[in-house]
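Engineer: Shown below is the structure under consideration.
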Amino acid sequence: MRATLLGEKLKLAISKWQKWLLGGLGLGVLACAGLLLAALLWHAPGDELTPAGLARNTSHYIEMPDGARIAADVWLPADLQAGQRVPAVIEGTRYWRAVGLTLLGRTAAMLGVDLPGVRPTGYNRFFPAHGYAMVTVDVRGTGASSGVHRTEYAQAERLDYAHIIEWVASQTWASGDVFALGVSYSGTSAELMTTVAHPALRAVAPLYSDFDAQMQLATPGGVYQPAFIEVWSELVAALDRNDLCAAQGAGEPDASCGPAGYLLSGVKPVAGNPELAAAVAEHATPDVASMVQALHFRDSPWGEDGSSANVMPYGLKAEIEAADVPMFVVAGWFDAATADGALARFATFAHPQEVWIGPFSHGGGEDTDPFMPAERPSLWTGVEQVQRVLAFFERHRTDRLTEPLEDSRLRYYVNGADTFRETAVWPPAHLAARRFYLAAEGQLQDELPRGRGFARYEVDFTVGTAASSRWQTQLGGGDVIYDRRADMAPRSLLYTSAPFTTATEATGAVILDLWMTSDRTEGALHAYLETLDPDGQVHYLTEGVLNLRHRKRTRNPAYPVFGPTHSFLAADAAPLPQRQLFSFSTTLSATSALIPAGYRLRLSITGGDAASFARVPADGPAPVWNVYHGVSSPSSLTIFTAPWEAKP
């Protein structure tokens with residue numbers, strides 16, 4: 001009886017618990033359903049109407065003549081009045097113009113979670129707040145745009161800008177003045193927009209862009225650079241197939257998607273168009289890493305557009321000059337070789353340019369002056385940088401035209417001096433060549449050594465200079481870390497000068513002339529210029545790389561490097577004469593630095609860089625080099641210097 005009574009009481013208790021549970025679940029389901037419904041009806045900041053009656057943020061498809069549809073996101077000034085017309089800024093990106101939200105993500109955003117794309121940030125916040133419309137487009141064959149993305153910067157992609165600019169300039173809110181800007185890929189896109197010569201395009205700002213992405217990023221000196229290319233190839237392939245998780249984990253094999261997979265849907269669809277899946281299926285992005293590995297020469301084919309000269313700014317000089325669109329250019333001394341590209345453009349292109357080269361990582365977020373503390377913040381904040389761009393654009397509006405740029409000017413930062421200098425020509429006129437000769441016992445000396453000798457060097461392919469080098473900063477804009485640990489010295493060939501007796505500015509090209517032999521018919525020179533302070537601390541100045549099969553010099557370079565130049569053409573390539581003396585000259589990336597009195601100059605030579613570059617030769621034993629010095633084989637290093645004067 002007792003057990004039966006207990007059982008009845010237990011059944012009653014369970015029944016009550018079940019009712020409470022079901023009731024609670026029901027209320028929970030209703031609450032969740034209510035939240036989701038509220039999220040569907042919720043007006044995000046971009047959905048709010050301006051006084052003109054237009055939504056602040058809208059998405060559109062822009063029809064191209066061949067049927068491709070380019071996705072565009074537009075942010076208008078929040079205070080846009082009825083009948084008001086404003087200038088517009090365009091950014092052409094292949095990294096998704098905007099991110100879409102899942103219903104759960106929209107709910108989270110409604111409840112105050114800060115998610116991408118909900119509130120205007122970056123350019124979408126800055127330019128509308130200053131009276132401009134901001135238009136971001138997914139370039140052809142990427143993001144939510146249709147079309148096939150066969151190569152980077154393809155001619156079809158570039159020619160789309162004529163129709164994109166026309167569409168923007170003809171909108172009801174548009175004044176007719178169009179500007180363009182961007183960092184990295186979108187910076188190059190901004191420069192390429194000038195080639196379509198649309199009269200509405202008033203000025204552009206290519207920031208940290210690649211003038212020659214083949215030789216100044218992907219294969220510097222003709223040597224494949226997988227540290228950047230292979231991760232970037234994974235990233236863009238994932239983006240183009242709208243794979244959020246793979247894009248988030250590019251370069252990290254064990255990465256997980258995390259909460260983003262539940263909150264973000266991938267690229268933002270164009271509102272009211274169910275075409276996203278079809279557009280993504282059409283992209284057919286090739287394996288960029290494989291394409292770059294096949295770029296053995298400057299005239300190697302680049303997709304259907306011929307060589308890279310047909311798609312990169314350096315090869316489109318005539319079109320860019322003819323358009324005569326003023327440019328605001330920013331580059332970093334240690335941002336791959338963007339500074340070299342900026343200098344080549346400045347010295348040889350006729351259109352007006354305001355150029356700044358500074359101690360900036362890719363995008364400008366980090367300070368890279370090797371003489372300053374690693375934790376020092378960037379000279380310009382992100383806002384200060386875009387304020388400079390805005391001031392440049394303001395000067396070129398047709399309703400203002402206060403001081404349009406007519407003459408080009410270059411401001412270059414002197415590392416270690418913490419100052420900019422200005423010049424109208426490059427190289428600056430106040431500099432003179434100073435030559436240091438390689439000599440016995442690892443000396444760099446002013447006088448040509450007598451007799452003849454050599455240093456034997458067995459290439460060590462395990463040597464790597466940095467965990468975050470100038471070649472990798474384009475993977476997110478991190479700092480540049482040049483790591484010359486003590487254990488690297490015995491694995492490099494080193495030449496060191498006597499201490500400088502006076503403070504000296506060293507600016508411009510660095511030229512290396514070498515006489516050597518090799519027991520292999522292939523090899524790559526990696527050369528680094530450094531200073532050593534009185535305590536022996538290393539300060540990185542610059543570096544250069546050259547696949548030695550490209551050692552032949554040319555008098556007709558694709559653009560100047562302000563020193564010995566190589567064509568990198570297939571017809572000029574040649575194997576090394578095995579165990580026979582040969583000589584060559586090459587130019588390291590440009591630099592600018594103050595070398596204080598008491599500091600010494602050091603040249604470091606290796607045959608590889610495991611941190612960034614593929615090895616040359618790809619297999620077999622490491623080469624053994626003999627690097628010669630003396631009267632009959634005068635290996636030398638030339639820099640361009642002037643006594644330091646601390647003037648504005």
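In the structure tokens, chains take the letters A, B, ... in the order shown, each chain's residues start at 1, and ligands count up from 1 in the order shown.
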Could you list, as a list in words, every residue within 8 Å of Gly451 (chain A), counting only C-alpha atoms and ignoring same-chain residues fewer than 4 positions away?
Structural biologist: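 So, after excluding close chain neighbours, the residues are Gly630, Val631 and Ser632 of chain A.
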Engineer: Leaving out Trp515 (chain A) and any residue of its chain fewer than 6 positions from it, which residues lie within 10 Å of it when counting only C-alpha atoms, given as an MDAnalysis selection string?
Structural biologist: chainID A and resid 454 581:585 626:630 632:636
Engineer: Nearest to Asp177 (chain A) among A:Gly608, A:Pro199, A:Gly222, A:Pro128, with distances taken over only C-alpha atoms: which residue is it?
Structural biologist: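 Of the candidates, the smallest distance to Asp177 (chain A) is held by A:Pro199.
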Engineer: Tell me, as a list in words, which residues lie within 9 Å of Gly117 (chain A), counting only C-alpha atoms; anything in the same chain fewer than 4 positions away does not count.
Structural biologist: Gly46, Ala98, Val99, Gly100, Leu101, Thr121 and Lys268 of chain A
Engineer: For the residues selected in the previous step, produce a file with N, CA, C and O atoms as a PDB file, in the first residue's frame.
Structural biologist:
ATOM      1  N   GLY A  46      20.977  50.749 -41.692  1.00  0.00           N
ATOM      2  CA  GLY A  46      21.002  50.985 -43.128  1.00  0.00           C
ATOM      3  C   GLY A  46      19.626  51.076 -43.756  1.00  0.00           C
ATOM      4  O   GLY A  46      19.472  51.603 -44.864  1.00  0.00           O
ATOM      5  N   ALA A  98      30.156  43.466 -48.920  1.00  0.00           N
ATOM      6  CA  ALA A  98      29.431  43.478 -47.651  1.00  0.00           C
ATOM      7  C   ALA A  98      29.121  42.043 -47.262  1.00  0.00           C
ATOM      8  O   ALA A  98      29.132  41.141 -48.100  1.00  0.00           O
ATOM      9  N   VAL A  99      28.837  41.842 -45.979  1.00  0.00           N
ATOM     10  CA  VAL A  99      28.551  40.516 -45.439  1.00  0.00           C
ATOM     11  C   VAL A  99      27.058  40.409 -45.144  1.00  0.00           C
ATOM     12  O   VAL A  99      26.436  41.362 -44.648  1.00  0.00           O
ATOM     13  N   GLY A 100      26.482  39.247 -45.447  1.00  0.00           N
ATOM     14  CA  GLY A 100      25.074  39.007 -45.149  1.00  0.00           C
ATOM     15  C   GLY A 100      24.884  38.375 -43.783  1.00  0.00           C
ATOM     16  O   GLY A 100      25.808  37.759 -43.237  1.00  0.00           O
ATOM     17  N   LEU A 101      23.691  38.530 -43.231  1.00  0.00           N
ATOM     18  CA  LEU A 101      23.360  37.964 -41.917  1.00  0.00           C
ATOM     19  C   LEU A 101      22.348  36.834 -42.070  1.00  0.00           C
ATOM     20  O   LEU A 101      21.436  36.909 -42.901  1.00  0.00           O
ATOM     21  N   THR A 121      30.635  51.245 -41.079  1.00  0.00           N
ATOM     22  CA  THR A 121      31.977  51.351 -40.508  1.00  0.00           C
ATOM     23  C   THR A 121      32.931  51.724 -41.635  1.00  0.00           C
ATOM     24  O   THR A 121      32.604  51.638 -42.818  1.00  0.00           O
ATOM     25  N   LYS A 268      26.873  39.341 -48.915  1.00  0.00           N
ATOM     26  CA  LYS A 268      25.533  39.919 -48.856  1.00  0.00           C
ATOM     27  C   LYS A 268      24.858  39.801 -50.218  1.00  0.00           C
ATOM     28  O   LYS A 268      25.406  40.231 -51.235  1.00  0.00           O
TER      29      LYS A 268
END
Engineer: Between CA of Glu458 (chain A) and CA of Asp483 (chain A), what is the distance, to one decimal in Å?
Structural biologist: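 The value is 21.0 Å.
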Engineer: Excluding Pro259 (chain A) and residues on its chain fewer than 5 positions from it, collect all residues at most 12 Å away from it, counting only C-alpha atoms, and give them as a list in words.
Structural biologist: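 The filter keeps Thr102, Leu104, Gly105, Ala108, Leu115, Leu244, Cys245, Gln248, Leu264 and Ser265 of chain A.
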Engineer: Using only C-alpha atoms, which residues sit within 12 Å of Glu530 (chain A) once same-chain residues fewer than 4 positions away are excluded, as number ranges by chain?
Structural biologist: A: 370-371, 482-484, 494-497, 506, 510, 536-543, 591-595, 599-605
Engineer: Extract, using only C-alpha atoms, all DNA, RNA and protein residues at most 12 Å from Ala205 (chain A), discarding same-chain residues fewer than 2 positions from it, and format them as an mmCIF file with N, CA and C atoms, in the first residue's frame.
Structural biologist:
data_model
loop_
_atom_site.group_PDB
_atom_site.id
_atom_site.type_symbol
_atom_site.label_atom_id
_atom_site.label_comp_id
_atom_site.auth_asym_id
_atom_site.auth_seq_id
_atom_site.Cartn_x
_atom_site.Cartn_y
_atom_site.Cartn_z
ATOM 1 N N VAL A 89 32.073 58.134 -53.942
ATOM 2 C CA VAL A 89 33.354 57.436 -53.896
ATOM 3 C C VAL A 89 33.090 55.966 -54.202
ATOM 4 N N ILE A 90 33.885 55.391 -55.111
ATOM 5 C CA ILE A 90 33.742 53.977 -55.480
ATOM 6 C C ILE A 90 34.936 53.195 -54.953
ATOM 7 N N GLU A 91 34.662 52.011 -54.416
ATOM 8 C CA GLU A 91 35.706 51.034 -54.117
ATOM 9 C C GLU A 91 35.347 49.733 -54.832
ATOM 10 N N VAL A 178 32.741 61.743 -59.406
ATOM 11 C CA VAL A 178 33.040 60.406 -58.894
ATOM 12 C C VAL A 178 34.511 60.330 -58.540
ATOM 13 N N PHE A 179 34.797 59.687 -57.415
ATOM 14 C CA PHE A 179 36.162 59.462 -56.949
ATOM 15 C C PHE A 179 36.319 57.972 -56.672
ATOM 16 N N ALA A 180 37.551 57.531 -56.526
ATOM 17 C CA ALA A 180 37.789 56.112 -56.238
ATOM 18 C C ALA A 180 38.960 55.979 -55.285
ATOM 19 N N LEU A 181 38.889 54.981 -54.425
ATOM 20 C CA LEU A 181 39.991 54.704 -53.512
ATOM 21 C C LEU A 181 39.974 53.236 -53.129
ATOM 22 N N GLY A 182 41.020 52.839 -52.451
ATOM 23 C CA GLY A 182 41.085 51.487 -51.924
ATOM 24 C C GLY A 182 42.477 51.161 -51.460
ATOM 25 N N VAL A 183 42.557 50.131 -50.637
ATOM 26 C CA VAL A 183 43.829 49.599 -50.146
ATOM 27 C C VAL A 183 44.086 48.272 -50.834
ATOM 28 N N SER A 184 45.320 48.033 -51.266
ATOM 29 C CA SER A 184 45.723 46.753 -51.833
ATOM 30 C C SER A 184 45.006 46.495 -53.149
ATOM 31 N N SER A 186 41.902 46.692 -54.023
ATOM 32 C CA SER A 186 40.972 47.754 -54.393
ATOM 33 C C SER A 186 41.696 49.064 -54.677
ATOM 34 N N GLY A 187 42.924 49.219 -54.155
ATOM 35 C CA GLY A 187 43.729 50.379 -54.521
ATOM 36 C C GLY A 187 44.173 50.298 -55.968
ATOM 37 N N THR A 188 44.607 49.103 -56.393
ATOM 38 C CA THR A 188 44.941 48.912 -57.802
ATOM 39 C C THR A 188 43.704 49.099 -58.666
ATOM 40 N N SER A 189 42.553 48.626 -58.187
ATOM 41 C CA SER A 189 41.300 48.837 -58.919
ATOM 42 C C SER A 189 41.042 50.328 -59.121
ATOM 43 N N ALA A 190 41.290 51.131 -58.081
ATOM 44 C CA ALA A 190 41.089 52.580 -58.197
ATOM 45 C C ALA A 190 41.971 53.162 -59.290
ATOM 46 N N GLU A 191 43.231 52.715 -59.347
ATOM 47 C CA GLU A 191 44.116 53.206 -60.402
ATOM 48 C C GLU A 191 43.640 52.745 -61.774
ATOM 49 N N LEU A 192 43.222 51.489 -61.873
ATOM 50 C CA LEU A 192 42.780 50.962 -63.164
ATOM 51 C C LEU A 192 41.500 51.642 -63.654
ATOM 52 N N MET A 193 40.701 52.206 -62.743
ATOM 53 C CA MET A 193 39.504 52.937 -63.173
ATOM 54 C C MET A 193 39.853 54.110 -64.077
ATOM 55 N N THR A 194 41.035 54.684 -63.889
ATOM 56 C CA THR A 194 41.404 55.834 -64.712
ATOM 57 C C THR A 194 41.538 55.452 -66.179
ATOM 58 N N LEU A 201 35.110 60.826 -63.486
ATOM 59 C CA LEU A 201 36.123 60.417 -62.498
ATOM 60 C C LEU A 201 37.091 61.575 -62.271
ATOM 61 N N ARG A 202 37.042 62.152 -61.082
ATOM 62 C CA ARG A 202 37.783 63.384 -60.794
ATOM 63 C C ARG A 202 39.153 63.147 -60.176
ATOM 64 N N ALA A 203 39.289 62.155 -59.321
ATOM 65 C CA ALA A 203 40.571 61.862 -58.664
ATOM 66 C C ALA A 203 40.473 60.473 -58.055
ATOM 67 N N LEU A 207 45.980 53.195 -52.501
ATOM 68 C CA LEU A 207 46.709 53.104 -51.242
ATOM 69 C C LEU A 207 47.319 51.712 -51.098
ATOM 70 N N TYR A 208 48.642 51.653 -50.923
ATOM 71 C CA TYR A 208 49.343 50.372 -50.720
ATOM 72 C C TYR A 208 49.011 49.398 -51.848
ATOM 73 N N SER A 209 48.944 49.905 -53.050
ATOM 74 C CA SER A 209 48.538 49.101 -54.196
ATOM 75 C C SER A 209 49.758 48.555 -54.920
ATOM 76 N N VAL A 325 44.076 61.766 -64.627
ATOM 77 C CA VAL A 325 43.329 61.838 -63.370
ATOM 78 C C VAL A 325 44.314 61.977 -62.209
ATOM 79 N N PRO A 326 44.195 63.001 -61.374
ATOM 80 C CA PRO A 326 45.116 63.160 -60.241
ATOM 81 C C PRO A 326 45.021 61.985 -59.268
ATOM 82 N N MET A 327 46.184 61.628 -58.691
ATOM 83 C CA MET A 327 46.252 60.489 -57.768
ATOM 84 C C MET A 327 46.848 60.892 -56.433
ATOM 85 N N PHE A 328 46.249 60.363 -55.368
ATOM 86 C CA PHE A 328 46.815 60.453 -54.020
ATOM 87 C C PHE A 328 47.313 59.057 -53.679
ATOM 88 N N VAL A 329 48.637 58.899 -53.545
ATOM 89 C CA VAL A 329 49.262 57.581 -53.428
ATOM 90 C C VAL A 329 49.952 57.457 -52.079
ATOM 91 N N VAL A 330 49.739 56.340 -51.391
ATOM 92 C CA VAL A 330 50.461 56.034 -50.152
ATOM 93 C C VAL A 330 51.081 54.651 -50.284
ATOM 94 N N ALA A 331 52.331 54.521 -49.866
ATOM 95 C CA ALA A 331 53.029 53.232 -49.876
ATOM 96 C C ALA A 331 53.909 53.142 -48.645
ATOM 97 N N PRO A 352 49.250 64.134 -62.657
ATOM 98 C CA PRO A 352 49.588 64.693 -61.336
ATOM 99 C C PRO A 352 49.458 63.652 -60.224
ATOM 100 N N GLN A 353 50.424 63.653 -59.315
ATOM 101 C CA GLN A 353 50.434 62.690 -58.217
ATOM 102 C C GLN A 353 50.908 63.353 -56.922
ATOM 103 N N GLU A 354 50.210 63.079 -55.849
ATOM 104 C CA GLU A 354 50.689 63.406 -54.505
ATOM 105 C C GLU A 354 51.029 62.078 -53.846
ATOM 106 N N VAL A 355 52.313 61.861 -53.587
ATOM 107 C CA VAL A 355 52.795 60.552 -53.139
ATOM 108 C C VAL A 355 53.401 60.669 -51.743
ATOM 109 N N TRP A 356 53.031 59.730 -50.884
ATOM 110 C CA TRP A 356 53.604 59.613 -49.537
ATOM 111 C C TRP A 356 54.168 58.202 -49.388
ATOM 112 N N GLN A 385 44.432 58.985 -42.031
ATOM 113 C CA GLN A 385 44.774 58.623 -43.398
ATOM 114 C C GLN A 385 43.633 58.939 -44.351
ATOM 115 N N VAL A 386 42.420 58.547 -43.993
ATOM 116 C CA VAL A 386 41.291 58.783 -44.894
ATOM 117 C C VAL A 386 40.916 60.265 -44.911
ATOM 118 N N GLN A 387 41.244 61.006 -43.849
ATOM 119 C CA GLN A 387 41.041 62.460 -43.868
ATOM 120 C C GLN A 387 41.933 63.116 -44.912
ATOM 121 N N ARG A 388 43.141 62.607 -45.073
ATOM 122 C CA ARG A 388 44.047 63.132 -46.105
ATOM 123 C C ARG A 388 43.487 62.838 -47.495
ATOM 124 N N VAL A 389 42.924 61.645 -47.650
ATOM 125 C CA VAL A 389 42.294 61.308 -48.929
ATOM 126 C C VAL A 389 41.126 62.247 -49.196
ATOM 127 N N LEU A 390 40.285 62.466 -48.181
ATOM 128 C CA LEU A 390 39.133 63.352 -48.338
ATOM 129 C C LEU A 390 39.581 64.757 -48.738
ATOM 130 N N ALA A 391 40.609 65.277 -48.082
ATOM 131 C CA ALA A 391 41.098 66.618 -48.420
ATOM 132 C C ALA A 391 41.544 66.682 -49.874
ATOM 133 N N PHE A 392 42.155 65.611 -50.358
ATOM 134 C CA PHE A 392 42.591 65.555 -51.756
ATOM 135 C C PHE A 392 41.378 65.554 -52.684
ATOM 136 N N PHE A 393 40.372 64.758 -52.358
ATOM 137 C CA PHE A 393 39.164 64.715 -53.176
ATOM 138 C C PHE A 393 38.458 66.079 -53.186
#
Engineer: List the spatial neighbours of Phe568 (chain A) as a PDB file with C-alpha atoms, in the first residue's frame - criterion: any atom at most 8 Å away, only C-alpha atoms, same-chain residues fewer than 2 positions off excluded.
Structural biologist:
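Output contents, as saved in out03.pdb:
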ATOM      1  CA  GLY A 222      61.647  35.936 -60.579  1.00  0.00           C
ATOM      2  CA  PHE A 297      59.053  35.012 -66.960  1.00  0.00           C
ATOM      3  CA  ARG A 298      57.581  38.468 -67.340  1.00  0.00           C
ATOM      4  CA  ASP A 299      56.106  37.400 -70.678  1.00  0.00           C
ATOM      5  CA  HIS A 550      67.582  36.523 -65.015  1.00  0.00           C
ATOM      6  CA  HIS A 566      66.590  42.929 -65.759  1.00  0.00           C
ATOM      7  CA  ALA A 570      62.148  34.192 -71.473  1.00  0.00           C
ATOM      8  CA  ASP A 572      67.018  36.711 -71.834  1.00  0.00           C
ATOM      9  CA  ALA A 573      67.077  33.871 -69.282  1.00  0.00           C
TER      10      ALA A 573
END
Engineer: Quick one, how far is CA of Gly477 (chain A) from CA of Thr465 (chain A)?
Structural biologist: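 Answer for the CA of Gly477 (chain A) to CA of Thr465 (chain A) separation: 18.2 Å.
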